[in-house]
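What's in work11.csv: CSV, C-alpha atoms
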```
chain,number,residue,atom,x,y,z
A,1,MET,CA,-19.0,-22.7,39.4
A,2,ASN,CA,-18.8,-20.0,42.1
A,3,ILE,CA,-19.7,-20.4,45.8
A,4,PHE,CA,-22.9,-18.5,45.6
A,5,ARG,CA,-24.4,-20.8,42.9
A,6,PHE,CA,-23.2,-23.9,44.8
A,7,LEU,CA,-24.8,-22.8,48.1
A,8,GLY,CA,-27.9,-21.7,46.2
A,9,ASP,CA,-28.2,-25.1,44.6
A,10,MET,CA,-27.6,-26.9,47.9
A,11,SER,CA,-30.2,-24.7,49.6
A,12,HIS,CA,-32.7,-25.5,46.9
A,13,LEU,CA,-31.9,-29.2,47.0
A,14,PHE,CA,-32.1,-29.2,50.8
A,15,SER,CA,-35.5,-27.5,50.8
A,16,ILE,CA,-36.9,-30.3,48.5
A,17,ILE,CA,-35.4,-33.0,50.8
A,18,VAL,CA,-36.9,-31.4,53.8
A,19,LEU,CA,-40.4,-31.3,52.2
A,20,LEU,CA,-40.1,-34.9,51.0
A,21,LEU,CA,-39.0,-35.9,54.6
A,22,ARG,CA,-41.9,-33.9,56.1
A,23,LEU,CA,-44.4,-35.8,53.8
A,24,ARG,CA,-42.8,-39.1,54.7
A,25,VAL,CA,-42.6,-38.6,58.4
A,26,ALA,CA,-45.8,-36.6,59.1
A,27,ARG,CA,-47.9,-38.6,56.5
A,28,ASN,CA,-50.0,-35.5,55.9
A,29,ALA,CA,-50.1,-32.5,53.5
A,30,GLN,CA,-51.5,-29.9,55.9
A,31,GLY,CA,-50.1,-26.5,55.1
A,32,ILE,CA,-48.6,-27.5,51.8
A,33,SER,CA,-49.7,-25.9,48.5
A,34,VAL,CA,-49.9,-28.2,45.5
A,35,ARG,CA,-50.5,-25.2,43.3
A,36,SER,CA,-47.2,-23.7,44.2
A,37,HIS,CA,-45.5,-27.0,43.2
A,38,GLU,CA,-47.5,-27.1,39.9
A,39,LEU,CA,-46.1,-23.6,39.2
A,40,PHE,CA,-42.5,-24.7,40.1
A,41,LEU,CA,-42.9,-27.8,37.9
A,42,CYS,CA,-44.0,-25.5,35.0
A,43,VAL,CA,-41.0,-23.3,35.7
A,44,PHE,CA,-38.5,-26.2,35.6
A,45,VAL,CA,-40.0,-27.9,32.5
A,46,THR,CA,-40.0,-24.7,30.5
A,47,ARG,CA,-36.5,-23.5,31.7
A,48,TYR,CA,-34.7,-26.8,31.3
A,49,LEU,CA,-35.5,-27.6,27.7
A,50,ASP,CA,-31.8,-27.1,27.0
A,51,LEU,CA,-31.3,-30.6,28.5
A,52,PHE,CA,-32.2,-31.9,25.0
A,53,LEU,CA,-30.2,-29.3,23.1
A,54,ARG,CA,-26.9,-28.7,24.9
A,55,PHE,CA,-24.7,-30.4,27.4
A,56,TYR,CA,-23.0,-28.1,30.0
A,57,SER,CA,-21.8,-30.6,32.7
A,58,PHE,CA,-23.0,-33.7,34.5
A,59,TYR,CA,-23.6,-31.5,37.6
A,60,ASN,CA,-25.8,-29.2,35.6
A,61,SER,CA,-27.8,-32.0,34.0
A,62,ILE,CA,-28.3,-34.0,37.2
A,63,MET,CA,-29.5,-31.0,39.1
A,64,LYS,CA,-32.1,-30.1,36.4
A,65,VAL,CA,-33.4,-33.7,36.3
A,66,VAL,CA,-33.6,-33.8,40.1
A,67,TYR,CA,-35.6,-30.5,40.3
A,68,ILE,CA,-38.1,-31.7,37.7
A,69,ALA,CA,-38.4,-35.3,39.1
A,70,SER,CA,-38.6,-34.3,42.8
A,71,THR,CA,-41.2,-31.6,42.1
A,72,ALA,CA,-43.3,-34.0,40.1
A,73,SER,CA,-43.0,-36.5,42.9
A,74,ILE,CA,-44.2,-34.0,45.5
A,75,ILE,CA,-47.3,-33.2,43.4
A,76,TYR,CA,-48.0,-36.9,42.8
A,77,THR,CA,-47.6,-37.8,46.4
A,78,ILE,CA,-50.0,-35.1,47.7
A,79,LYS,CA,-52.7,-35.5,45.0
A,80,PHE,CA,-52.7,-39.3,44.6
A,81,LYS,CA,-51.0,-41.2,47.4
A,82,GLU,CA,-52.9,-42.2,50.6
A,83,PRO,CA,-53.1,-41.4,53.4
A,84,ILE,CA,-51.4,-38.0,52.4
A,85,LYS,CA,-54.0,-37.3,49.7
A,86,SER,CA,-56.9,-37.3,52.2
A,87,THR,CA,-55.1,-34.7,54.4
A,88,TYR,CA,-54.6,-32.2,51.6
A,89,ASP,CA,-57.2,-29.4,52.1
A,90,GLN,CA,-58.1,-28.0,48.7
A,91,SER,CA,-60.3,-25.3,50.4
A,92,GLN,CA,-57.2,-23.7,51.8
A,93,ASP,CA,-55.2,-23.9,48.5
A,94,THR,CA,-57.4,-21.7,46.3
A,95,PHE,CA,-55.1,-19.3,44.5
A,96,LEU,CA,-56.1,-19.3,40.8
A,97,HIS,CA,-52.6,-20.0,39.7
A,98,TRP,CA,-53.3,-20.7,36.0
A,99,LYS,CA,-55.3,-17.5,35.7
A,100,PHE,CA,-53.4,-15.1,37.8
A,101,ALA,CA,-49.8,-16.5,37.5
A,102,VAL,CA,-49.3,-18.6,34.4
A,103,ALA,CA,-51.4,-16.5,32.0
A,104,PRO,CA,-50.0,-13.0,32.9
A,105,CYS,CA,-46.4,-14.3,32.9
A,106,ALA,CA,-46.9,-15.8,29.5
A,107,VAL,CA,-48.2,-12.5,28.1
A,108,ILE,CA,-45.4,-10.5,29.7
A,109,ALA,CA,-42.8,-13.0,28.4
A,110,ILE,CA,-44.1,-12.8,24.9
A,111,ILE,CA,-44.2,-9.0,24.9
A,112,THR,CA,-40.7,-8.6,26.3
A,113,HIS,CA,-39.2,-11.3,24.1
A,114,MET,CA,-40.8,-9.8,21.0
A,115,VAL,CA,-39.5,-6.3,22.0
A,116,GLY,CA,-36.0,-7.6,22.6
A,117,SER,CA,-35.7,-10.0,19.7
A,118,GLY,CA,-38.3,-9.0,17.2
A,119,VAL,CA,-40.0,-11.4,14.8
A,120,THR,CA,-36.8,-12.3,12.8
A,121,ASP,CA,-34.9,-13.5,15.9
A,122,PHE,CA,-37.8,-15.2,17.6
A,123,ASN,CA,-36.7,-18.2,19.6
A,124,ILE,CA,-39.2,-20.5,21.4
A,125,VAL,CA,-36.6,-21.8,23.8
A,126,GLU,CA,-35.6,-18.3,24.8
A,127,LEU,CA,-39.2,-17.3,25.1
A,128,LEU,CA,-40.0,-20.2,27.4
A,129,TRP,CA,-36.8,-19.4,29.5
A,130,THR,CA,-38.0,-15.8,29.9
A,131,PHE,CA,-41.5,-17.1,30.9
A,132,SER,CA,-39.9,-19.4,33.5
A,133,ILE,CA,-38.0,-16.4,35.1
A,134,TYR,CA,-41.2,-14.4,35.4
A,135,LEU,CA,-43.2,-17.3,36.7
A,136,GLU,CA,-40.7,-18.4,39.3
A,137,SER,CA,-40.7,-14.9,40.8
A,138,ILE,CA,-44.3,-15.5,42.0
A,139,ALA,CA,-44.6,-19.3,42.2
A,140,ILE,CA,-44.3,-19.3,46.0
A,141,LEU,CA,-47.4,-17.1,46.4
A,142,PRO,CA,-50.0,-19.9,46.7
A,143,GLN,CA,-47.8,-21.5,49.4
A,144,LEU,CA,-47.5,-18.3,51.4
A,145,ILE,CA,-51.3,-17.8,51.1
A,146,VAL,CA,-51.9,-21.3,52.5
A,147,LEU,CA,-49.5,-20.6,55.4
A,148,GLN,CA,-51.3,-17.4,56.2
A,149,ARG,CA,-54.5,-19.5,56.6
A,150,TYR,CA,-53.1,-21.8,59.3
A,151,LYS,CA,-52.4,-20.5,62.8
A,152,GLU,CA,-49.1,-22.2,63.2
A,153,VAL,CA,-46.4,-23.4,60.7
A,154,GLU,CA,-45.1,-26.9,61.2
A,155,ASN,CA,-41.3,-27.0,61.8
A,156,LEU,CA,-40.2,-28.9,58.7
A,157,THR,CA,-42.6,-26.8,56.6
A,158,GLY,CA,-41.0,-23.7,57.9
A,159,ASN,CA,-37.5,-25.0,57.2
A,160,TYR,CA,-38.6,-25.9,53.6
A,161,ILE,CA,-39.9,-22.4,52.9
A,162,PHE,CA,-36.8,-20.8,54.5
A,163,PHE,CA,-34.3,-22.7,52.3
A,164,MET,CA,-36.4,-22.0,49.2
A,165,GLY,CA,-36.1,-18.3,49.9
A,166,ALA,CA,-32.4,-18.6,50.7
A,167,TYR,CA,-31.8,-20.3,47.4
A,168,ARG,CA,-33.1,-17.4,45.4
A,169,GLY,CA,-31.3,-14.8,47.5
A,170,LEU,CA,-28.0,-16.6,47.0
A,171,TYR,CA,-28.7,-16.8,43.2
A,172,ILE,CA,-28.9,-13.0,43.1
A,173,PHE,CA,-25.3,-12.9,44.3
A,174,ASN,CA,-24.4,-15.6,41.8
A,175,TRP,CA,-25.7,-13.5,38.9
A,176,ILE,CA,-23.9,-10.4,40.1
A,177,TYR,CA,-20.6,-12.3,40.7
A,178,ARG,CA,-20.8,-13.9,37.2
A,179,ALA,CA,-21.5,-10.6,35.5
A,180,ASN,CA,-18.4,-9.1,37.0
A,181,THR,CA,-16.0,-12.1,36.6
A,182,GLU,CA,-17.1,-13.9,33.4
A,183,PRO,CA,-16.3,-12.1,30.1
A,184,ASN,CA,-19.3,-13.5,28.2
A,185,TYR,CA,-21.8,-13.1,31.0
A,186,ARG,CA,-23.7,-9.9,31.1
A,187,HIS,CA,-26.1,-8.2,33.6
A,188,HIS,CA,-29.7,-9.3,33.0
A,189,TRP,CA,-32.0,-6.8,34.5
A,190,VAL,CA,-35.1,-8.9,34.1
A,191,VAL,CA,-33.5,-11.7,36.0
A,192,TYR,CA,-32.3,-9.3,38.8
A,193,PHE,CA,-35.8,-7.7,39.1
A,194,CYS,CA,-37.6,-11.1,39.3
A,195,GLY,CA,-35.0,-12.5,41.7
A,196,VAL,CA,-35.4,-9.5,44.0
A,197,LEU,CA,-39.2,-9.7,43.8
A,198,GLN,CA,-39.2,-13.4,44.6
A,199,THR,CA,-36.9,-12.8,47.6
A,200,LEU,CA,-39.0,-9.9,48.9
A,201,LEU,CA,-42.1,-12.1,48.9
A,202,TYR,CA,-40.3,-14.2,51.5
A,203,ALA,CA,-39.4,-11.1,53.7
A,204,ASP,CA,-42.5,-11.4,56.0
A,205,PHE,CA,-42.0,-15.1,56.4
A,206,PHE,CA,-38.2,-14.7,57.1
A,207,TYR,CA,-39.1,-12.2,59.9
A,208,TYR,CA,-41.4,-14.6,61.7
A,209,TYR,CA,-39.1,-17.6,61.0
A,210,VAL,CA,-36.0,-16.0,62.6
A,211,LYS,CA,-38.1,-14.6,65.4
A,212,ALA,CA,-39.5,-18.0,66.3
A,213,LYS,CA,-36.0,-19.7,66.0
A,214,ALA,CA,-34.5,-17.0,68.3
A,215,LYS,CA,-37.2,-17.6,70.9
A,216,GLY,CA,-37.1,-21.4,70.4
A,217,SER,CA,-40.9,-21.4,69.9
A,218,LYS,CA,-43.2,-22.7,67.3
A,219,MET,CA,-43.6,-20.4,64.3
A,220,SER,CA,-46.8,-18.5,63.9
A,221,LEU,CA,-47.9,-16.1,61.1
A,222,PRO,CA,-50.6,-13.4,61.5
A,223,GLN,CA,-53.8,-14.8,60.1
A,224,THR,CA,-55.9,-13.0,57.5
A,225,ALA,CA,-59.5,-12.3,58.3
```

Spell out the structure here as C-alpha cells.
Amino acid sequence: MNIFRFLGDMSHLFSIIVLLLRLRVARNAQGISVRSHELFLCVFVTRYLDLFLRFYSFYNSIMKVVYIASTASIIYTIKFKEPIKSTYDQSQDTFLHWKFAVAPCAVIAIITHMVGSGVTDFNIVELLWTFSIYLESIAILPQLIVLQRYKEVENLTGNYIFFMGAYRGLYIFNWIYRANTEPNYRHHWVVYFCGVLQTLLYADFFYYYVKAKAKGSKMSLPQTA
C-alpha cells in the first residue's frame, strides 16, 4: 500500500466519522442529502462484490465492509430515526438520482464494457465495477445541490464534504503511482477521467471552504435563484 491510498482511505473514513458525529451531536439532518448517500451505497455494493470472490487483505476487506455499513447506517438514521428523521427536508433534496444518475451510468457502463470486452468476455462483476466508477464520479451532486439551497454550511457538514473531496483527489495520485511502480497495474483512463470529474465537482466548494477557514468565518455558498 502506498501513502496516497492510505491517506485517501483515512480521508474517506474521517469524512464518514465527521458526518456520523454531526448527526449524533446536532440531532438534525439539515443540509444533508440522503440521495447522495443512496448513490454512494449503490457504488459500494456494486464495487465490492469481490468481497465474496477474492481475499486481498484484512485491511482491504475491513475498509469495504465499513464503507457499506456506515453509509447504510447514515441512510437509516436520516430516514427512520427520530428526532433526526423529522428534520430532514425532502423538498430541498430533489435531484432525481435514479433517473439522472443511476440509469445513465448503467447505460454508459454497459456500452463501454461491451465495447472493451465483447460478448464472449462479458463479466458481470467487471460490468458492475465499471458502473460504480461512473456513478461515484457524480454521486456527490445531490449533496452539492442541497448545500446550494441553504444560506450557510454548518461546520461539521463542511468538513465532511471537504474530506470526501480530498479522498478522491488523493486516489488520483494513488492510481498514477501504482501505474508507474507496480508491474501488473496499468493506466485506466476511464478511472482517471471519472476521478478528475469527481474532484472538479468539488472545486467551487473547496474555494469557499478554504476562504471561510482563512477568515475564520462560517462558510456560505452563493445561493441559486

Nearest residue to Gln30 (chain A) from the set A:Lys218, A:Lys85, A:His188, A:Arg178 (distances using all atoms listed in the file): A:Lys85

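Counting from CA of Gly116 (chain A), the distance to CA of Leu197 (chain A) is 21.5 Å.
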
Rank nothing, just name the residue among A:Leu13, A:Leu156, A:Val190, A:Ile140 nearest to His113 (chain A), using only C-alpha atoms.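 Smallest separation from His113 (chain A) among the options: A:Val190.
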
Neighbours of region 64-72 of chain A within 7 Å (all atoms listed in the file; same-chain residues fewer than 2 positions away dropped), as a PDB file with C-alpha atoms, in the frame of the given file?
```
ATOM      1  CA  HIS A  37     -45.500 -27.000  43.200  1.00  0.00           C
ATOM      2  CA  LEU A  41     -42.900 -27.800  37.900  1.00  0.00           C
ATOM      3  CA  PHE A  44     -38.500 -26.200  35.600  1.00  0.00           C
ATOM      4  CA  VAL A  45     -40.000 -27.900  32.500  1.00  0.00           C
ATOM      5  CA  TYR A  48     -34.700 -26.800  31.300  1.00  0.00           C
ATOM      6  CA  ASN A  60     -25.800 -29.200  35.600  1.00  0.00           C
ATOM      7  CA  SER A  61     -27.800 -32.000  34.000  1.00  0.00           C
ATOM      8  CA  ILE A  62     -28.300 -34.000  37.200  1.00  0.00           C
ATOM      9  CA  ILE A  74     -44.200 -34.000  45.500  1.00  0.00           C
ATOM     10  CA  ILE A  75     -47.300 -33.200  43.400  1.00  0.00           C
ATOM     11  CA  TYR A  76     -48.000 -36.900  42.800  1.00  0.00           C
TER      12      TYR A  76
END
```

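If you measure from each of A:Ile133, A:Leu200, A:Ile124, A:Leu144 to Ala166 (chain A) using only C-alpha atoms, the closest one turns out to be A:Leu200.
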
Nearby residues (all atoms listed in the file) at most 10 Å from Phe162 (chain A), same-chain spacing under 3 positions excluded, as a PyMOL selection string: chain A and resi 11-12+15+156-159+165-167+202+205-206+209-210

For each of A:Met63, A:Cys194, A:Leu49, A:Leu19, take the minimum atom-to-atom distance to Leu127 (chain A), counting only C-alpha atoms, then give the residue where this is smallest. A:Leu49

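With only C-alpha atoms as the atoms that count, the residue of A:Asp9, A:Glu82, A:Glu126, A:Asp89 with the shortest distance to Asp50 (chain A) is A:Glu126.
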
Region 55-66 of chain A rebuilt with all heavy atoms, output as an mmCIF file, in the frame of the given file:
```
data_model
loop_
_atom_site.group_PDB
_atom_site.id
_atom_site.type_symbol
_atom_site.label_atom_id
_atom_site.label_comp_id
_atom_site.auth_asym_id
_atom_site.auth_seq_id
_atom_site.Cartn_x
_atom_site.Cartn_y
_atom_site.Cartn_z
ATOM 1 N N PHE A 55 -25.226 -29.772 26.193
ATOM 2 C CA PHE A 55 -24.700 -30.400 27.400
ATOM 3 C C PHE A 55 -23.660 -29.375 28.016
ATOM 4 O O PHE A 55 -22.727 -28.927 27.357
ATOM 5 C CB PHE A 55 -23.942 -31.673 27.071
ATOM 6 C CG PHE A 55 -23.256 -32.301 28.260
ATOM 7 C CD1 PHE A 55 -23.991 -33.002 29.204
ATOM 8 C CD2 PHE A 55 -21.882 -32.171 28.424
ATOM 9 C CE1 PHE A 55 -23.357 -33.578 30.302
ATOM 10 C CE2 PHE A 55 -21.249 -32.742 29.519
ATOM 11 C CZ PHE A 55 -21.988 -33.444 30.455
ATOM 12 N N TYR A 56 -23.860 -29.046 29.295
ATOM 13 C CA TYR A 56 -23.000 -28.100 30.000
ATOM 14 C C TYR A 56 -22.015 -28.925 30.914
ATOM 15 O O TYR A 56 -20.806 -28.777 30.841
ATOM 16 C CB TYR A 56 -23.758 -27.131 30.823
ATOM 17 C CG TYR A 56 -24.583 -26.175 29.990
ATOM 18 C CD1 TYR A 56 -25.940 -26.400 29.780
ATOM 19 C CD2 TYR A 56 -24.004 -25.052 29.407
ATOM 20 C CE1 TYR A 56 -26.704 -25.522 29.019
ATOM 21 C CE2 TYR A 56 -24.761 -24.162 28.642
ATOM 22 C CZ TYR A 56 -26.110 -24.408 28.457
ATOM 23 O OH TYR A 56 -26.863 -23.548 27.690
ATOM 24 N N SER A 57 -22.613 -29.750 31.774
ATOM 25 C CA SER A 57 -21.800 -30.600 32.700
ATOM 26 C C SER A 57 -22.757 -31.615 33.311
ATOM 27 O O SER A 57 -23.979 -31.460 33.286
ATOM 28 C CB SER A 57 -21.188 -29.730 33.800
ATOM 29 O OG SER A 57 -22.200 -29.204 34.646
ATOM 30 N N PHE A 58 -22.155 -32.674 33.883
ATOM 31 C CA PHE A 58 -23.000 -33.700 34.500
ATOM 32 C C PHE A 58 -23.696 -33.080 35.745
ATOM 33 O O PHE A 58 -24.862 -33.389 36.008
ATOM 34 C CB PHE A 58 -22.090 -34.863 35.004
ATOM 35 C CG PHE A 58 -21.708 -35.786 33.880
ATOM 36 C CD1 PHE A 58 -20.399 -35.850 33.428
ATOM 37 C CD2 PHE A 58 -22.668 -36.584 33.269
ATOM 38 C CE1 PHE A 58 -20.042 -36.703 32.391
ATOM 39 C CE2 PHE A 58 -22.320 -37.442 32.223
ATOM 40 C CZ PHE A 58 -21.005 -37.493 31.782
ATOM 41 N N TYR A 59 -23.007 -32.206 36.461
ATOM 42 C CA TYR A 59 -23.600 -31.500 37.600
ATOM 43 C C TYR A 59 -24.866 -30.775 37.182
ATOM 44 O O TYR A 59 -25.941 -30.895 37.790
ATOM 45 C CB TYR A 59 -22.626 -30.597 38.276
ATOM 46 C CG TYR A 59 -23.211 -29.736 39.376
ATOM 47 C CD1 TYR A 59 -23.289 -30.212 40.680
ATOM 48 C CD2 TYR A 59 -23.690 -28.451 39.099
ATOM 49 C CE1 TYR A 59 -23.836 -29.434 41.692
ATOM 50 C CE2 TYR A 59 -24.236 -27.667 40.101
ATOM 51 C CZ TYR A 59 -24.310 -28.154 41.390
ATOM 52 O OH TYR A 59 -24.859 -27.376 42.375
ATOM 53 N N ASN A 60 -24.723 -29.982 36.131
ATOM 54 C CA ASN A 60 -25.800 -29.200 35.600
ATOM 55 C C ASN A 60 -27.012 -30.032 35.218
ATOM 56 O O ASN A 60 -28.160 -29.760 35.592
ATOM 57 C CB ASN A 60 -25.322 -28.330 34.439
ATOM 58 C CG ASN A 60 -26.346 -27.331 33.958
ATOM 59 O OD1 ASN A 60 -27.320 -27.688 33.302
ATOM 60 N ND2 ASN A 60 -26.119 -26.063 34.261
ATOM 61 N N SER A 61 -26.739 -31.075 34.457
ATOM 62 C CA SER A 61 -27.800 -32.000 34.000
ATOM 63 C C SER A 61 -28.491 -32.699 35.102
ATOM 64 O O SER A 61 -29.726 -32.805 35.127
ATOM 65 C CB SER A 61 -27.248 -32.952 32.950
ATOM 66 O OG SER A 61 -26.718 -32.287 31.822
ATOM 67 N N ILE A 62 -27.705 -33.205 36.036
ATOM 68 C CA ILE A 62 -28.300 -34.000 37.200
ATOM 69 C C ILE A 62 -29.168 -33.085 38.013
ATOM 70 O O ILE A 62 -30.278 -33.490 38.402
ATOM 71 C CB ILE A 62 -27.145 -34.581 38.010
ATOM 72 C CG1 ILE A 62 -26.469 -35.719 37.236
ATOM 73 C CG2 ILE A 62 -27.705 -35.100 39.340
ATOM 74 C CD1 ILE A 62 -25.214 -36.244 37.898
ATOM 75 N N MET A 63 -28.736 -31.868 38.304
ATOM 76 C CA MET A 63 -29.500 -31.000 39.100
ATOM 77 C C MET A 63 -30.859 -30.629 38.459
ATOM 78 O O MET A 63 -31.912 -30.586 39.111
ATOM 79 C CB MET A 63 -28.746 -29.690 39.439
ATOM 80 C CG MET A 63 -27.526 -29.897 40.318
ATOM 81 S SD MET A 63 -27.899 -30.633 41.932
ATOM 82 C CE MET A 63 -28.699 -29.268 42.752
ATOM 83 N N LYS A 64 -30.828 -30.412 37.160
ATOM 84 C CA LYS A 64 -32.100 -30.100 36.400
ATOM 85 C C LYS A 64 -33.047 -31.257 36.482
ATOM 86 O O LYS A 64 -34.249 -31.064 36.707
ATOM 87 C CB LYS A 64 -31.736 -29.721 34.989
ATOM 88 C CG LYS A 64 -31.026 -28.387 34.847
ATOM 89 C CD LYS A 64 -30.621 -28.112 33.405
ATOM 90 C CE LYS A 64 -29.920 -26.769 33.279
ATOM 91 N NZ LYS A 64 -29.494 -26.484 31.879
ATOM 92 N N VAL A 65 -32.544 -32.463 36.268
ATOM 93 C CA VAL A 65 -33.400 -33.700 36.300
ATOM 94 C C VAL A 65 -33.959 -33.850 37.718
ATOM 95 O O VAL A 65 -35.135 -34.189 37.886
ATOM 96 C CB VAL A 65 -32.615 -34.905 35.858
ATOM 97 C CG1 VAL A 65 -33.442 -36.170 36.110
ATOM 98 C CG2 VAL A 65 -32.255 -34.796 34.385
ATOM 99 N N VAL A 66 -33.129 -33.619 38.737
ATOM 100 C CA VAL A 66 -33.600 -33.800 40.100
ATOM 101 C C VAL A 66 -34.683 -32.783 40.448
ATOM 102 O O VAL A 66 -35.692 -33.147 41.085
ATOM 103 C CB VAL A 66 -32.387 -33.568 41.096
ATOM 104 C CG1 VAL A 66 -32.880 -33.396 42.537
ATOM 105 C CG2 VAL A 66 -31.439 -34.752 41.021
#
```
